[in-house]
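Chemist: Take a look at this one; I'll ask things after.
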Amino acid sequence: MAQAALSPKVPFYSGGRYLREQFPFRVFKIAIDAGFTCPNRDGRVGRGGCIFCNNASFSSNSRQALASVACQIEKGIRFYRERLAGHKFIVYFQAYTNTYGSVEQLRQVYDQAMVHPDVVGLSIGTRPDCVPNPVLDLLKEYADRTHLWLELGLQSSHDATLRRLNRRHTYAQFLDAVQRAQQRALRVCAHAILGLPGETRDMMLVTADRLGQLAVDGLKLHHLYVTTGTALERSYRRSAIRVLELREYIGLVCDFLERIPASVVVQRVIGEVAEPYVVAPHWGVTKLQVIHLINEEFRRRGTRQGSRLQQVEVEAEVKQRADSTLT
């Protein structure tokens, strides 16, 4: 199905719109915790995890005794069928690093989702340093028979920021992972966080420009939020960091998306976190209200996703020519 053009009235290519274009029935994502851990926690690359990480804050399945993949899927299906008349489902392996294991272990886990007759896709959330070629080959097998997304947590394209976050991977590793995934024609969704400690608006827009040039298929934007029990909370309590105000975030989202090609599916525009875990910010708005404010800001500007992309490309070309003249 051809994608309809974007306009100030429909300013960005939402994940919901994408699913309606791809499937003739109502499809919802079921987020699950498959019991994976992370190399930044178990000592392979580090310990303690990212300074913002508290999986229980966004993954309800991580707040209780871990149920089987099949049980979590059945629970999710009941929820979406009863409340939103869902028909088919994409299983989102969300918590921690969902390619962190041997090919045999991963196949066993993914197959538990694929056996359900109403599952029409998989979404695999992971780190860019945890997708070796054999794992990508495995994902390609699944992509050939279902609707598969590989979700790579980048957060920032600046290595200084990644070090500050204790991410323990580099932007170069992200680029390498994207390239190898694209060689296998896998759909790639990149995650980025706005408002990270030490980052200016210009730095965030550099990340947007870099992602805009990479031809990724999807994008998830999150605001920096502080949750309980994290190193980020300790910094926030010492007033060592600040979080964005709502209006700041709305403007940054629009700035960011104006630099992203209109063909990129914007699967998320705000991080969602359970209220008991939130330290800051407290904006007092719902996800739908945030989306409304983003649409209103685009209308006020008369712009849309991708509207500055050509200008960014021209600016990059001019800079490249100037640099070559200087050398």
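Following the order of the structure tokens, first chain is A, next is B, and so on, with residues numbered from 1 inside each chain and ligands from 1 in the order they appear.
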What's around region 256-266 of chain A at 8 Å? Count only C-alpha atoms, leave out sequence neighbours fewer than 5 positions away in its own chain, and write the answer as a PyMOL selection string.
Modeler: chain A and resi 6+12-15+18+204-205+208-209+211-212+215-221+303-309+312
Chemist: Can you spit out the residues from that selection as a CSV table (one decimal), in the first residue's frame, using C-alpha atoms?
Modeler:
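Below is the file selection-v4.csv, written as the result:
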chain,number,residue,atom,x,y,z
A,6,LEU,CA,2.6,14.2,4.8
A,12,PHE,CA,4.5,12.9,10.8
A,13,TYR,CA,4.4,9.3,9.8
A,14,SER,CA,3.0,7.6,13.0
A,15,GLY,CA,3.4,4.0,14.0
A,18,TYR,CA,2.0,2.5,9.4
A,204,MET,CA,20.5,16.8,19.5
A,205,LEU,CA,20.0,18.0,16.0
A,208,ALA,CA,18.8,13.9,14.0
A,209,ASP,CA,20.9,14.8,10.9
A,211,LEU,CA,19.9,9.5,11.6
A,212,GLY,CA,18.3,11.3,8.7
A,215,ALA,CA,18.0,5.5,5.8
A,216,VAL,CA,16.7,3.8,9.0
A,217,ASP,CA,13.1,2.6,8.7
A,218,GLY,CA,11.8,3.7,12.0
A,219,LEU,CA,12.4,6.0,14.9
A,220,LYS,CA,11.4,6.2,18.6
A,221,LEU,CA,11.9,9.5,20.4
A,303,THR,CA,6.2,22.3,8.6
A,304,ARG,CA,6.2,18.5,8.8
A,305,GLN,CA,8.5,15.5,9.1
A,306,GLY,CA,11.3,15.9,6.6
A,307,SER,CA,10.6,19.5,5.7
A,308,ARG,CA,14.2,20.6,6.5
A,309,LEU,CA,15.9,17.5,5.1
A,312,VAL,CA,20.3,20.0,5.9
Chemist: Give the alpha helix (DSSP H) residues of region 147-258 of chain A, as DSSP finds them on the backbone, and put them as an MDAnalysis selection string.
Modeler: chainID A and resid 159:164 171:183 201:214 231:237 246:257
Chemist: Would you export the selected residues with C-alpha atoms as an mmCIF file, in the first residue's frame, please?
Modeler:
data_model
loop_
_atom_site.group_PDB
_atom_site.id
_atom_site.type_symbol
_atom_site.label_atom_id
_atom_site.label_comp_id
_atom_site.auth_asym_id
_atom_site.auth_seq_id
_atom_site.Cartn_x
_atom_site.Cartn_y
_atom_site.Cartn_z
ATOM 1 C CA ASP A 159 30.295 9.310 22.162
ATOM 2 C CA ALA A 160 30.862 11.758 25.025
ATOM 3 C CA THR A 161 27.169 11.508 25.890
ATOM 4 C CA LEU A 162 27.203 7.719 25.587
ATOM 5 C CA ARG A 163 30.091 7.600 28.048
ATOM 6 C CA ARG A 164 28.210 9.914 30.402
ATOM 7 C CA TYR A 171 28.239 5.538 17.720
ATOM 8 C CA ALA A 172 30.564 3.647 15.367
ATOM 9 C CA GLN A 173 29.163 0.382 16.701
ATOM 10 C CA PHE A 174 25.648 1.642 16.003
ATOM 11 C CA LEU A 175 26.611 2.545 12.415
ATOM 12 C CA ASP A 176 28.142 -0.888 11.935
ATOM 13 C CA ALA A 177 25.045 -2.634 13.298
ATOM 14 C CA VAL A 178 22.733 -0.616 11.043
ATOM 15 C CA GLN A 179 24.864 -1.317 7.971
ATOM 16 C CA ARG A 180 24.972 -5.058 8.601
ATOM 17 C CA ALA A 181 21.220 -5.156 9.309
ATOM 18 C CA GLN A 182 20.475 -3.235 6.124
ATOM 19 C CA GLN A 183 22.614 -5.664 4.130
ATOM 20 C CA ARG A 201 19.938 21.603 21.177
ATOM 21 C CA ASP A 202 22.574 21.667 18.443
ATOM 22 C CA MET A 203 23.974 18.332 19.623
ATOM 23 C CA MET A 204 20.515 16.754 19.534
ATOM 24 C CA LEU A 205 19.974 18.043 16.018
ATOM 25 C CA VAL A 206 23.300 16.578 14.918
ATOM 26 C CA THR A 207 21.912 13.206 16.015
ATOM 27 C CA ALA A 208 18.780 13.939 13.972
ATOM 28 C CA ASP A 209 20.857 14.847 10.916
ATOM 29 C CA ARG A 210 22.947 11.699 11.233
ATOM 30 C CA LEU A 211 19.890 9.472 11.566
ATOM 31 C CA GLY A 212 18.258 11.299 8.674
ATOM 32 C CA GLN A 213 21.147 10.291 6.427
ATOM 33 C CA LEU A 214 21.211 6.642 7.514
ATOM 34 C CA ALA A 231 22.202 6.795 39.072
ATOM 35 C CA LEU A 232 20.313 9.482 37.172
ATOM 36 C CA GLU A 233 18.047 9.991 40.175
ATOM 37 C CA ARG A 234 21.060 10.554 42.404
ATOM 38 C CA SER A 235 22.390 13.188 40.002
ATOM 39 C CA TYR A 236 18.980 14.849 39.822
ATOM 40 C CA ARG A 237 18.671 14.977 43.620
ATOM 41 C CA LEU A 246 7.055 20.219 28.217
ATOM 42 C CA ARG A 247 7.192 23.100 25.729
ATOM 43 C CA GLU A 248 10.929 22.610 25.279
ATOM 44 C CA TYR A 249 10.365 18.978 24.458
ATOM 45 C CA ILE A 250 7.562 19.694 21.985
ATOM 46 C CA GLY A 251 9.813 22.126 20.109
ATOM 47 C CA LEU A 252 12.728 19.690 20.077
ATOM 48 C CA VAL A 253 10.575 16.857 18.726
ATOM 49 C CA CYS A 254 9.480 19.050 15.829
ATOM 50 C CA ASP A 255 13.043 20.267 15.239
ATOM 51 C CA PHE A 256 14.208 16.647 15.199
ATOM 52 C CA LEU A 257 11.486 15.277 12.931
#
Chemist: For Asp144 (chain A), find every residue with an atom within 12 Å (counting only C-alpha atoms), except residues of its own chain fewer than 5 positions away, and show them as a list in words.
Modeler: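 My list of contacting residues is Gly121, Leu122, Asp137, Leu138, Leu139, Trp149, Arg184, Ala185, Leu186 and Arg187 of chain A.
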Chemist: Calculated over only C-alpha atoms, which of the candidates A:Asn133, A:Asn166, A:Gln112, A:Gln94 has the smallest distance to Pro39 (chain A)?
Modeler: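 Checking each of A:Asn133, A:Asn166, A:Gln112, A:Gln94 against Pro39 (chain A), counting only C-alpha atoms, the winner is A:Asn166.
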Chemist: Which residues are near Ala280 (chain A)? Cut-off 8 Å, only C-alpha atoms, ignore same chain within fewer than 5 positions. Put them as an NGL selection string.
Modeler: :A and (225-227 or 243)
Chemist: Could you dump the residues just selected with N, CA and C atoms as a PDB file, in the first residue's frame?
Modeler:
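Okay, this is what ended up in selection39.pdb:
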ATOM      1  N   TYR A 225      13.580  11.035  31.256  1.00  0.00           N
ATOM      2  CA  TYR A 225      12.852  11.065  32.512  1.00  0.00           C
ATOM      3  C   TYR A 225      13.697  10.380  33.578  1.00  0.00           C
ATOM      4  N   VAL A 226      13.526  10.814  34.792  1.00  0.00           N
ATOM      5  CA  VAL A 226      14.288  10.303  35.922  1.00  0.00           C
ATOM      6  C   VAL A 226      13.407   9.335  36.692  1.00  0.00           C
ATOM      7  N   THR A 227      13.899   8.128  36.898  1.00  0.00           N
ATOM      8  CA  THR A 227      13.125   7.133  37.634  1.00  0.00           C
ATOM      9  C   THR A 227      13.841   6.734  38.915  1.00  0.00           C
ATOM     10  N   VAL A 243      15.854  18.455  33.722  1.00  0.00           N
ATOM     11  CA  VAL A 243      15.019  17.803  32.721  1.00  0.00           C
ATOM     12  C   VAL A 243      14.273  18.876  31.933  1.00  0.00           C
TER      13      VAL A 243
END
Chemist: Give me every strand (DSSP E) residue in region 34-240 of chain A, going by DSSP on the backbone, as a VMD selection string.
Modeler: chain A and resid 88 to 93 119 to 126 147 to 155 187 to 194 218 to 223 226 to 227
Chemist: Store the residues of this selection in a file with N, CA and C atoms, as a compact mmCIF listing (two decimals), in the first residue's frame.
Modeler:
# COMPACT_ATOMS: atom_id res chain seq x y z
N LYS A 88 -4.93 -8.84 15.52
CA LYS A 88 -3.64 -9.52 15.40
C LYS A 88 -2.59 -8.73 16.18
N PHE A 89 -1.39 -9.35 16.36
CA PHE A 89 -0.46 -8.77 17.32
C PHE A 89 0.99 -8.94 16.88
N ILE A 90 1.79 -7.94 17.25
CA ILE A 90 3.24 -7.99 17.11
C ILE A 90 3.81 -8.13 18.52
N VAL A 91 4.64 -9.12 18.73
CA VAL A 91 5.26 -9.33 20.04
C VAL A 91 6.53 -8.51 20.11
N TYR A 92 6.58 -7.62 21.09
CA TYR A 92 7.71 -6.71 21.27
C TYR A 92 8.57 -7.21 22.42
N PHE A 93 9.73 -7.77 22.10
CA PHE A 93 10.69 -8.17 23.11
C PHE A 93 11.39 -6.89 23.58
N VAL A 119 -0.21 -13.98 16.16
CA VAL A 119 0.99 -13.16 16.12
C VAL A 119 1.45 -13.00 14.68
N VAL A 120 1.51 -11.76 14.21
CA VAL A 120 1.87 -11.49 12.82
C VAL A 120 3.22 -10.80 12.68
N GLY A 121 3.93 -10.64 13.81
CA GLY A 121 5.23 -9.98 13.71
C GLY A 121 5.98 -10.02 15.02
N LEU A 122 7.27 -9.70 14.91
CA LEU A 122 8.15 -9.59 16.07
C LEU A 122 8.86 -8.25 16.03
N SER A 123 9.08 -7.67 17.19
CA SER A 123 9.91 -6.48 17.32
C SER A 123 10.95 -6.78 18.39
N ILE A 124 12.22 -6.70 18.02
CA ILE A 124 13.30 -7.15 18.88
C ILE A 124 14.11 -5.95 19.34
N GLY A 125 14.00 -5.60 20.62
CA GLY A 125 14.75 -4.48 21.18
C GLY A 125 16.11 -4.94 21.68
N THR A 126 17.18 -4.22 21.30
CA THR A 126 18.51 -4.64 21.69
C THR A 126 19.49 -3.48 21.63
N HIS A 147 6.53 -10.20 10.01
CA HIS A 147 6.81 -8.77 9.96
C HIS A 147 7.75 -8.44 11.12
N LEU A 148 9.02 -8.27 10.84
CA LEU A 148 10.02 -8.13 11.89
C LEU A 148 10.67 -6.75 11.89
N TRP A 149 10.83 -6.20 13.11
CA TRP A 149 11.59 -4.97 13.32
C TRP A 149 12.75 -5.26 14.26
N LEU A 150 13.91 -4.72 13.94
CA LEU A 150 15.06 -4.71 14.84
C LEU A 150 15.16 -3.32 15.44
N GLU A 151 15.00 -3.21 16.76
CA GLU A 151 15.04 -1.92 17.43
C GLU A 151 16.39 -1.75 18.13
N LEU A 152 17.14 -0.74 17.71
CA LEU A 152 18.48 -0.51 18.23
C LEU A 152 18.49 0.73 19.11
N GLY A 153 18.90 0.57 20.36
CA GLY A 153 18.98 1.71 21.27
C GLY A 153 20.26 2.49 21.02
N LEU A 154 20.11 3.64 20.39
CA LEU A 154 21.25 4.54 20.18
C LEU A 154 21.29 5.58 21.31
N GLN A 155 20.22 6.31 21.48
CA GLN A 155 20.02 7.39 22.46
C GLN A 155 20.71 8.68 22.06
N ARG A 187 14.25 -4.41 8.76
CA ARG A 187 13.73 -3.10 9.16
C ARG A 187 14.41 -2.68 10.46
N VAL A 188 14.97 -1.48 10.47
CA VAL A 188 15.69 -0.99 11.64
C VAL A 188 14.96 0.23 12.22
N CYS A 189 14.70 0.17 13.53
CA CYS A 189 14.13 1.31 14.25
C CYS A 189 15.17 1.79 15.25
N ALA A 190 15.55 3.06 15.19
CA ALA A 190 16.54 3.64 16.10
C ALA A 190 15.83 4.36 17.25
N HIS A 191 16.40 4.24 18.44
CA HIS A 191 15.88 4.94 19.62
C HIS A 191 16.79 6.12 19.93
N ALA A 192 16.20 7.28 20.20
CA ALA A 192 16.97 8.46 20.60
C ALA A 192 16.25 9.14 21.77
N ILE A 193 17.04 9.69 22.69
CA ILE A 193 16.50 10.40 23.85
C ILE A 193 16.85 11.88 23.74
N LEU A 194 15.87 12.73 23.94
CA LEU A 194 16.08 14.18 23.93
C LEU A 194 16.17 14.70 25.36
N GLY A 218 12.64 3.19 10.96
CA GLY A 218 11.79 3.66 12.05
C GLY A 218 12.58 4.45 13.06
N LEU A 219 11.84 5.20 13.88
CA LEU A 219 12.45 6.04 14.90
C LEU A 219 11.54 6.06 16.12
N LYS A 220 12.16 5.93 17.30
CA LYS A 220 11.44 6.17 18.55
C LYS A 220 12.14 7.29 19.29
N LEU A 221 11.39 8.35 19.60
CA LEU A 221 11.90 9.46 20.39
C LEU A 221 11.37 9.35 21.81
N HIS A 222 12.23 9.62 22.77
CA HIS A 222 11.87 9.58 24.17
C HIS A 222 12.33 10.87 24.83
N HIS A 223 11.60 11.34 25.82
CA HIS A 223 12.14 12.43 26.64
C HIS A 223 12.96 11.81 27.77
N VAL A 226 13.53 10.81 34.79
CA VAL A 226 14.29 10.30 35.92
C VAL A 226 13.41 9.34 36.69
N THR A 227 13.90 8.13 36.90
CA THR A 227 13.13 7.13 37.63
C THR A 227 13.84 6.73 38.91
Chemist: Which residues are close to Asn98 (chain A), i.e. within 9 Å by only C-alpha atoms, leaving aside same-chain residues fewer than 6 positions away? Reply as a VMD selection string.
Modeler: chain A and resid 33 to 38 106 124 to 127 130
Chemist: Produce a table with one row for each residue of region 18-37 of chain A that has an atom at most 10 Å from any atom of region 78-81 of chain A, each row naming the nearest atom pair and its distance in Å at one decimal; use only C-alpha atoms; arrange rows by chain and rising residue number; format as CSV.
Modeler:
residue,atom,partner,partner_atom,distance
A:Arg26,CA,A:Arg81,CA,9.8
A:Val27,CA,A:Tyr80,CA,9.3
A:Phe28,CA,A:Tyr80,CA,7.3
A:Lys29,CA,A:Tyr80,CA,9.1
A:Ile30,CA,A:Tyr80,CA,8.7
Chemist: Which neighbours of Val45 (chain A) fall inside 12 Å, counting only C-alpha atoms, when residues of the same chain fewer than 2 positions from it are skipped, and could you give them as JSON, numbers by chain?
Modeler: {"A": [38, 39, 40, 41, 42, 43, 47, 48, 49, 50, 127, 129, 130, 166, 167, 168, 169]}
